[in-house]
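For reference, the structure is listed below as C-alpha cells.
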Amino acid sequence: MAQLDPNWITTGMIDFEYKKYLLLAYLQKIGIHFNDKQLYPFLSDLVFHYNNLLSIKQNKTMAVNSFPKKISQIEFQNFKLEYEKLIQDDDYMAEIENIVDYALPKLKDYLKEGKDLYEFVEENLLLYPVGVLPIKPTNGYIFLKEKEKPDVKIYEYAVTIFESADEKFRGLKTQYVSTCFISIVNTFEMMKVDLIKSNKDLPNPATYAIESEITFPFEETLLPIAKRMLVKKLSESLDK
C-alpha cells in the first residue's frame with residue numbers, strides 16, 4: 001500500500017524540500033493505484049491527510065477526530081507534543097506553513113481524481129432487491145456479480161451504528177459466505193431460498209444483488225463501494 005506516515009509533518013527534518021520529496025513519492029504511488037482502478041484504502045488515506053493539513057492551516061492545531069483508528073493514543077500524544085514544540089519556534093512554524101500550503105492543492109488534485117473514479121465505479125454498479133424485503137432490512141445478504149462472469153460472491157451483512165461526539169452514523173459489517181454460480185436453474189431467487197434453508201437465524205433476510213457492468217479490482221474497489229452503496233440504500237429504508 002502507498003503510505004505516508006500520519007506524523008509526516010513533524011517526523012524527521014522540518015525541511016520544505018525533504019517534505020516535498022516525501023509527499024510527491026506518496027502521491028506517485030497513489031496515482032499508480034488509481035490508474036489500476038484501486039480505490040481503497042488509498043482514497044480514505046488521502047482524505048485523512050488532506051483534512052489534517054486543512055485543520056493545521058485553519059486552526060494551527062491537529063485534527064484529533066481525523067486521526068485513523070490505527071493510531072494509538074500514545075502515538076497521537078507524541079505527535080501532539082512534537083507539534084506543540086514546533087509551534088513555539090517561528091522559523092519551524094513558517095516552514096510547516098510552507099509545506100502545508102504546497103501539499104494541500106496537491107492532495108486536493110488527487111482527491112478529485114479519486115472522487116471521479118469512485119463516481120465512475122458507482123455509475124457502473126446496479127443494485128436491486130432479490131425477492132421481498134422485510135420492513136427493517138438490518139440483516140441479510142449481498143450477492144456480488146460482475147456482468148460477464150457466472151460466479152456470485154455471497155456475503156452476510158449486518159447494519160452497525162457508530163457514534164461520534166456529534167452524531168450517529170451507519171456502517172456495514174460483512175462476512176463472506178460462499179461463491180455460487182448463476183444459471184437458468186440457479187437464479188438469485190433460488191440462492192436466497194438455499195440460504196434461508198441453511199441459516200435458520202435469518203428466516204426472512206433482506207437480500208440485495210449488486211452487479212458490475214465493468215470488471216474492477218474486487219477487494220480494493222468493487223466490494224467497498226458496493227458496501228457503501230448498500231449502506232446508503234438501507235439508510236433510506238431505515239429512516240422512513
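Residues in the C-alpha cells are named by chain (A, B, ... in the order shown) and by number from 1 within that chain; ligands are numbered from 1 in the order shown.
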Neighbours of Tyr157 (chain A) within 7 Å (only C-alpha atoms; same-chain residues fewer than 3 positions away dropped), as number ranges by chain? A: 139-141, 172-175
Can you check which residues of region 157-221 of chain A DSSP gives as strand (DSSP E or B) on the backbone and send them as a PyMOL selection string? chain A and resi 157-163+168-181+206-212
Pick out the residues sitting within 12 Å of region 89-99 of chain A, and hand them over as an MDAnalysis selection string; count only C-alpha atoms, and ignore anything fewer than 4 positions along from it in its own chain. chainID A and resid 8:11 13:24 53:61 82:85 103:106
Please write the residues from the selection above to a file, keeping N, CA and C atoms, as an mmCIF file, in the first residue's frame.
```
data_model
loop_
_atom_site.group_PDB
_atom_site.id
_atom_site.type_symbol
_atom_site.label_atom_id
_atom_site.label_comp_id
_atom_site.auth_asym_id
_atom_site.auth_seq_id
_atom_site.Cartn_x
_atom_site.Cartn_y
_atom_site.Cartn_z
ATOM 1 N N TRP A 8 3.896 12.661 9.328
ATOM 2 C CA TRP A 8 4.949 13.060 8.391
ATOM 3 C C TRP A 8 5.325 14.546 8.513
ATOM 4 N N ILE A 9 4.415 15.370 8.956
ATOM 5 C CA ILE A 9 4.719 16.796 9.097
ATOM 6 C C ILE A 9 5.761 17.043 10.191
ATOM 7 N N THR A 10 5.704 16.269 11.276
ATOM 8 C CA THR A 10 6.618 16.505 12.404
ATOM 9 C C THR A 10 7.734 15.479 12.508
ATOM 10 N N THR A 11 7.674 14.405 11.709
ATOM 11 C CA THR A 11 8.703 13.369 11.764
ATOM 12 C C THR A 11 9.876 13.737 10.855
ATOM 13 N N MET A 13 13.305 15.628 9.387
ATOM 14 C CA MET A 13 13.702 17.021 9.188
ATOM 15 C C MET A 13 12.499 17.902 8.853
ATOM 16 N N ILE A 14 12.442 19.053 9.481
ATOM 17 C CA ILE A 14 11.423 20.043 9.111
ATOM 18 C C ILE A 14 12.039 20.898 8.006
ATOM 19 N N ASP A 15 11.961 20.368 6.808
ATOM 20 C CA ASP A 15 12.620 20.986 5.664
ATOM 21 C C ASP A 15 11.691 20.872 4.462
ATOM 22 N N PHE A 16 11.448 21.979 3.791
ATOM 23 C CA PHE A 16 10.485 22.010 2.693
ATOM 24 C C PHE A 16 10.812 20.989 1.602
ATOM 25 N N GLU A 17 12.056 20.946 1.145
ATOM 26 C CA GLU A 17 12.425 20.051 0.052
ATOM 27 C C GLU A 17 12.293 18.590 0.446
ATOM 28 N N TYR A 18 12.650 18.284 1.689
ATOM 29 C CA TYR A 18 12.545 16.904 2.178
ATOM 30 C C TYR A 18 11.082 16.470 2.242
ATOM 31 N N LYS A 19 10.224 17.336 2.808
ATOM 32 C CA LYS A 19 8.801 17.001 2.929
ATOM 33 C C LYS A 19 8.147 16.936 1.549
ATOM 34 N N LYS A 20 8.584 17.791 0.647
ATOM 35 C CA LYS A 20 8.060 17.770 -0.722
ATOM 36 C C LYS A 20 8.374 16.427 -1.382
ATOM 37 N N TYR A 21 9.598 15.942 -1.169
ATOM 38 C CA TYR A 21 10.001 14.643 -1.716
ATOM 39 C C TYR A 21 9.105 13.524 -1.167
ATOM 40 N N LEU A 22 8.863 13.532 0.159
ATOM 41 C CA LEU A 22 8.008 12.508 0.778
ATOM 42 C C LEU A 22 6.599 12.538 0.186
ATOM 43 N N LEU A 23 6.066 13.750 0.069
ATOM 44 C CA LEU A 23 4.701 13.897 -0.430
ATOM 45 C C LEU A 23 4.576 13.432 -1.878
ATOM 46 N N LEU A 24 5.491 13.862 -2.729
ATOM 47 C CA LEU A 24 5.399 13.515 -4.146
ATOM 48 C C LEU A 24 5.603 12.021 -4.378
ATOM 49 N N LEU A 53 -4.173 18.361 7.280
ATOM 50 C CA LEU A 53 -3.431 19.557 6.875
ATOM 51 C C LEU A 53 -4.340 20.782 6.827
ATOM 52 N N LEU A 54 -5.578 20.577 6.420
ATOM 53 C CA LEU A 54 -6.531 21.683 6.395
ATOM 54 C C LEU A 54 -6.770 22.210 7.807
ATOM 55 N N SER A 55 -6.843 21.288 8.768
ATOM 56 C CA SER A 55 -7.013 21.686 10.161
ATOM 57 C C SER A 55 -5.815 22.480 10.659
ATOM 58 N N ILE A 56 -4.611 22.039 10.283
ATOM 59 C CA ILE A 56 -3.401 22.767 10.679
ATOM 60 C C ILE A 56 -3.426 24.188 10.100
ATOM 61 N N LYS A 57 -3.806 24.305 8.848
ATOM 62 C CA LYS A 57 -3.818 25.615 8.183
ATOM 63 C C LYS A 57 -4.856 26.541 8.808
ATOM 64 N N GLN A 58 -6.020 25.997 9.095
ATOM 65 C CA GLN A 58 -7.119 26.835 9.575
ATOM 66 C C GLN A 58 -7.034 27.133 11.068
ATOM 67 N N ASN A 59 -6.577 26.144 11.827
ATOM 68 C CA ASN A 59 -6.652 26.269 13.290
ATOM 69 C C ASN A 59 -5.312 26.247 13.995
ATOM 70 N N LYS A 60 -4.231 26.022 13.243
ATOM 71 C CA LYS A 60 -2.900 25.877 13.841
ATOM 72 C C LYS A 60 -2.903 24.779 14.919
ATOM 73 N N THR A 61 -3.675 23.729 14.674
ATOM 74 C CA THR A 61 -3.740 22.621 15.612
ATOM 75 C C THR A 61 -3.997 21.340 14.829
ATOM 76 N N GLU A 82 5.180 16.917 19.784
ATOM 77 C CA GLU A 82 6.157 17.407 18.810
ATOM 78 C C GLU A 82 5.634 18.650 18.094
ATOM 79 N N TYR A 83 4.364 18.605 17.759
ATOM 80 C CA TYR A 83 3.766 19.733 17.054
ATOM 81 C C TYR A 83 3.734 20.978 17.935
ATOM 82 N N GLU A 84 3.374 20.789 19.209
ATOM 83 C CA GLU A 84 3.316 21.922 20.129
ATOM 84 C C GLU A 84 4.692 22.546 20.336
ATOM 85 N N LYS A 85 5.745 21.724 20.320
ATOM 86 C CA LYS A 85 7.101 22.263 20.429
ATOM 87 C C LYS A 85 7.432 23.122 19.210
ATOM 88 N N ALA A 103 1.328 21.336 -0.014
ATOM 89 C CA ALA A 103 0.743 19.995 -0.029
ATOM 90 C C ALA A 103 -0.760 20.003 -0.278
ATOM 91 N N LEU A 104 -1.481 20.969 0.269
ATOM 92 C CA LEU A 104 -2.942 20.950 0.174
ATOM 93 C C LEU A 104 -3.463 20.893 -1.267
ATOM 94 N N PRO A 105 -3.021 21.756 -2.178
ATOM 95 C CA PRO A 105 -3.540 21.656 -3.556
ATOM 96 C C PRO A 105 -3.135 20.360 -4.259
ATOM 97 N N LYS A 106 -1.950 19.829 -3.911
ATOM 98 C CA LYS A 106 -1.532 18.551 -4.499
ATOM 99 C C LYS A 106 -2.473 17.424 -4.058
#
```
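Here CA of Leu230 (chain A) stands at a distance of 23.6 Å from CA of Asn186 (chain A).
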In Å, with one decimal, what is the gap from CA of Pro203 (chain A) to CA of Tyr176 (chain A)? 18.5 Å
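The space between CA of Arg170 (chain A) and CA of Leu126 (chain A) spans 21.3 Å.
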From a DSSP calculation on the backbone, collect every residue of region 1-238 of chain A in alpha helix (DSSP H) and output the set as an MDAnalysis selection string. chainID A and resid 16:35 42:59 73:87 90:123 188:198 223:238
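Each of A:Pro134, A:Pro150, A:Gly31, A:Pro6 was compared to Leu117 (chain A) using only C-alpha atoms, and A:Gly31 turns out to be the nearest.
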Would you mind listing what lies within 9 Å of region 231-235 of chain A as a PyMOL selection string, with only C-alpha atoms counted and same-chain residues fewer than 6 positions away left out? chain A and resi 127+136-138+159+170-172
Output the selection as a short mmCIF file (atom, residue, chain, number, x, y, z; two decimals), in the first residue's frame - N, CA, C and O atoms for each residue.
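Saved the output as again23.cif:
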```
data_model
loop_
_atom_site.label_atom_id
_atom_site.label_comp_id
_atom_site.auth_asym_id
_atom_site.auth_seq_id
_atom_site.Cartn_x
_atom_site.Cartn_y
_atom_site.Cartn_z
N LEU A 127 -27.78 -1.93 -8.29
CA LEU A 127 -28.21 -2.51 -7.02
C LEU A 127 -29.72 -2.70 -7.06
O LEU A 127 -30.46 -1.77 -7.38
N LYS A 136 -37.71 -3.88 8.12
CA LYS A 136 -36.44 -3.31 8.58
C LYS A 136 -35.29 -4.19 8.08
O LYS A 136 -34.97 -5.21 8.70
N PRO A 137 -34.69 -3.82 6.97
CA PRO A 137 -33.65 -4.68 6.35
C PRO A 137 -32.28 -4.51 7.00
O PRO A 137 -31.29 -4.21 6.34
N THR A 138 -32.20 -4.75 8.31
CA THR A 138 -30.94 -4.53 9.04
C THR A 138 -29.98 -5.71 8.90
O THR A 138 -28.78 -5.56 9.16
N VAL A 159 -26.25 -4.28 9.71
CA VAL A 159 -26.08 -2.83 9.86
C VAL A 159 -25.55 -2.55 11.26
O VAL A 159 -26.02 -3.10 12.25
N ARG A 170 -24.29 5.08 10.22
CA ARG A 170 -24.39 3.64 9.99
C ARG A 170 -23.19 3.10 9.21
O ARG A 170 -22.64 3.78 8.36
N GLY A 171 -22.86 1.87 9.52
CA GLY A 171 -21.85 1.16 8.77
C GLY A 171 -22.39 -0.21 8.42
O GLY A 171 -23.55 -0.54 8.70
N LEU A 172 -21.56 -1.03 7.81
CA LEU A 172 -22.00 -2.35 7.39
C LEU A 172 -20.93 -3.37 7.72
O LEU A 172 -19.80 -3.27 7.26
#
```
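Taking only C-alpha atoms into account, Ile210 (chain A) lies nearest to A:Ile225 out of the set A:Ile225, A:Val177, A:Ile30, A:Leu4.
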Show me, as a PyMOL selection string, the residues that have an atom within 9 Å of Gly131 (chain A) when counting only C-alpha atoms, minus same-chain residues fewer than 3 positions from it. chain A and resi 188-189+192+206-208
Taking N, CA and C atoms for each residue, export the selection above as a PDB file, in the first residue's frame.
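Just written: selection_0.pdb:
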```pdb
ATOM      1  N   PHE A 188     -30.812 -15.955  -8.651  1.00  0.00           N
ATOM      2  CA  PHE A 188     -30.632 -15.273  -7.374  1.00  0.00           C
ATOM      3  C   PHE A 188     -31.721 -15.686  -6.373  1.00  0.00           C
ATOM      4  N   GLU A 189     -32.946 -15.839  -6.880  1.00  0.00           N
ATOM      5  CA  GLU A 189     -34.054 -16.227  -6.000  1.00  0.00           C
ATOM      6  C   GLU A 189     -33.828 -17.609  -5.396  1.00  0.00           C
ATOM      7  N   LYS A 192     -31.220 -17.435  -2.688  1.00  0.00           N
ATOM      8  CA  LYS A 192     -31.802 -16.906  -1.450  1.00  0.00           C
ATOM      9  C   LYS A 192     -32.558 -17.997  -0.700  1.00  0.00           C
ATOM     10  N   ALA A 206     -33.189  -9.726   4.333  1.00  0.00           N
ATOM     11  CA  ALA A 206     -33.143  -8.775   3.218  1.00  0.00           C
ATOM     12  C   ALA A 206     -32.008  -9.230   2.304  1.00  0.00           C
ATOM     13  N   THR A 207     -32.255  -9.237   1.019  1.00  0.00           N
ATOM     14  CA  THR A 207     -31.235  -9.704   0.073  1.00  0.00           C
ATOM     15  C   THR A 207     -31.140  -8.741  -1.101  1.00  0.00           C
ATOM     16  N   TYR A 208     -29.916  -8.339  -1.397  1.00  0.00           N
ATOM     17  CA  TYR A 208     -29.681  -7.399  -2.482  1.00  0.00           C
ATOM     18  C   TYR A 208     -28.629  -7.955  -3.427  1.00  0.00           C
TER      19      TYR A 208
END
```
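By chain and then residue number, the residues within 7 Å of Lys147 (chain A) are A:Lys145, A:Lys149, A:Glu211, A:Ser212, A:Glu213, A:Ile214, counting only C-alpha atoms and disregarding those fewer than 2 positions away in sequence.
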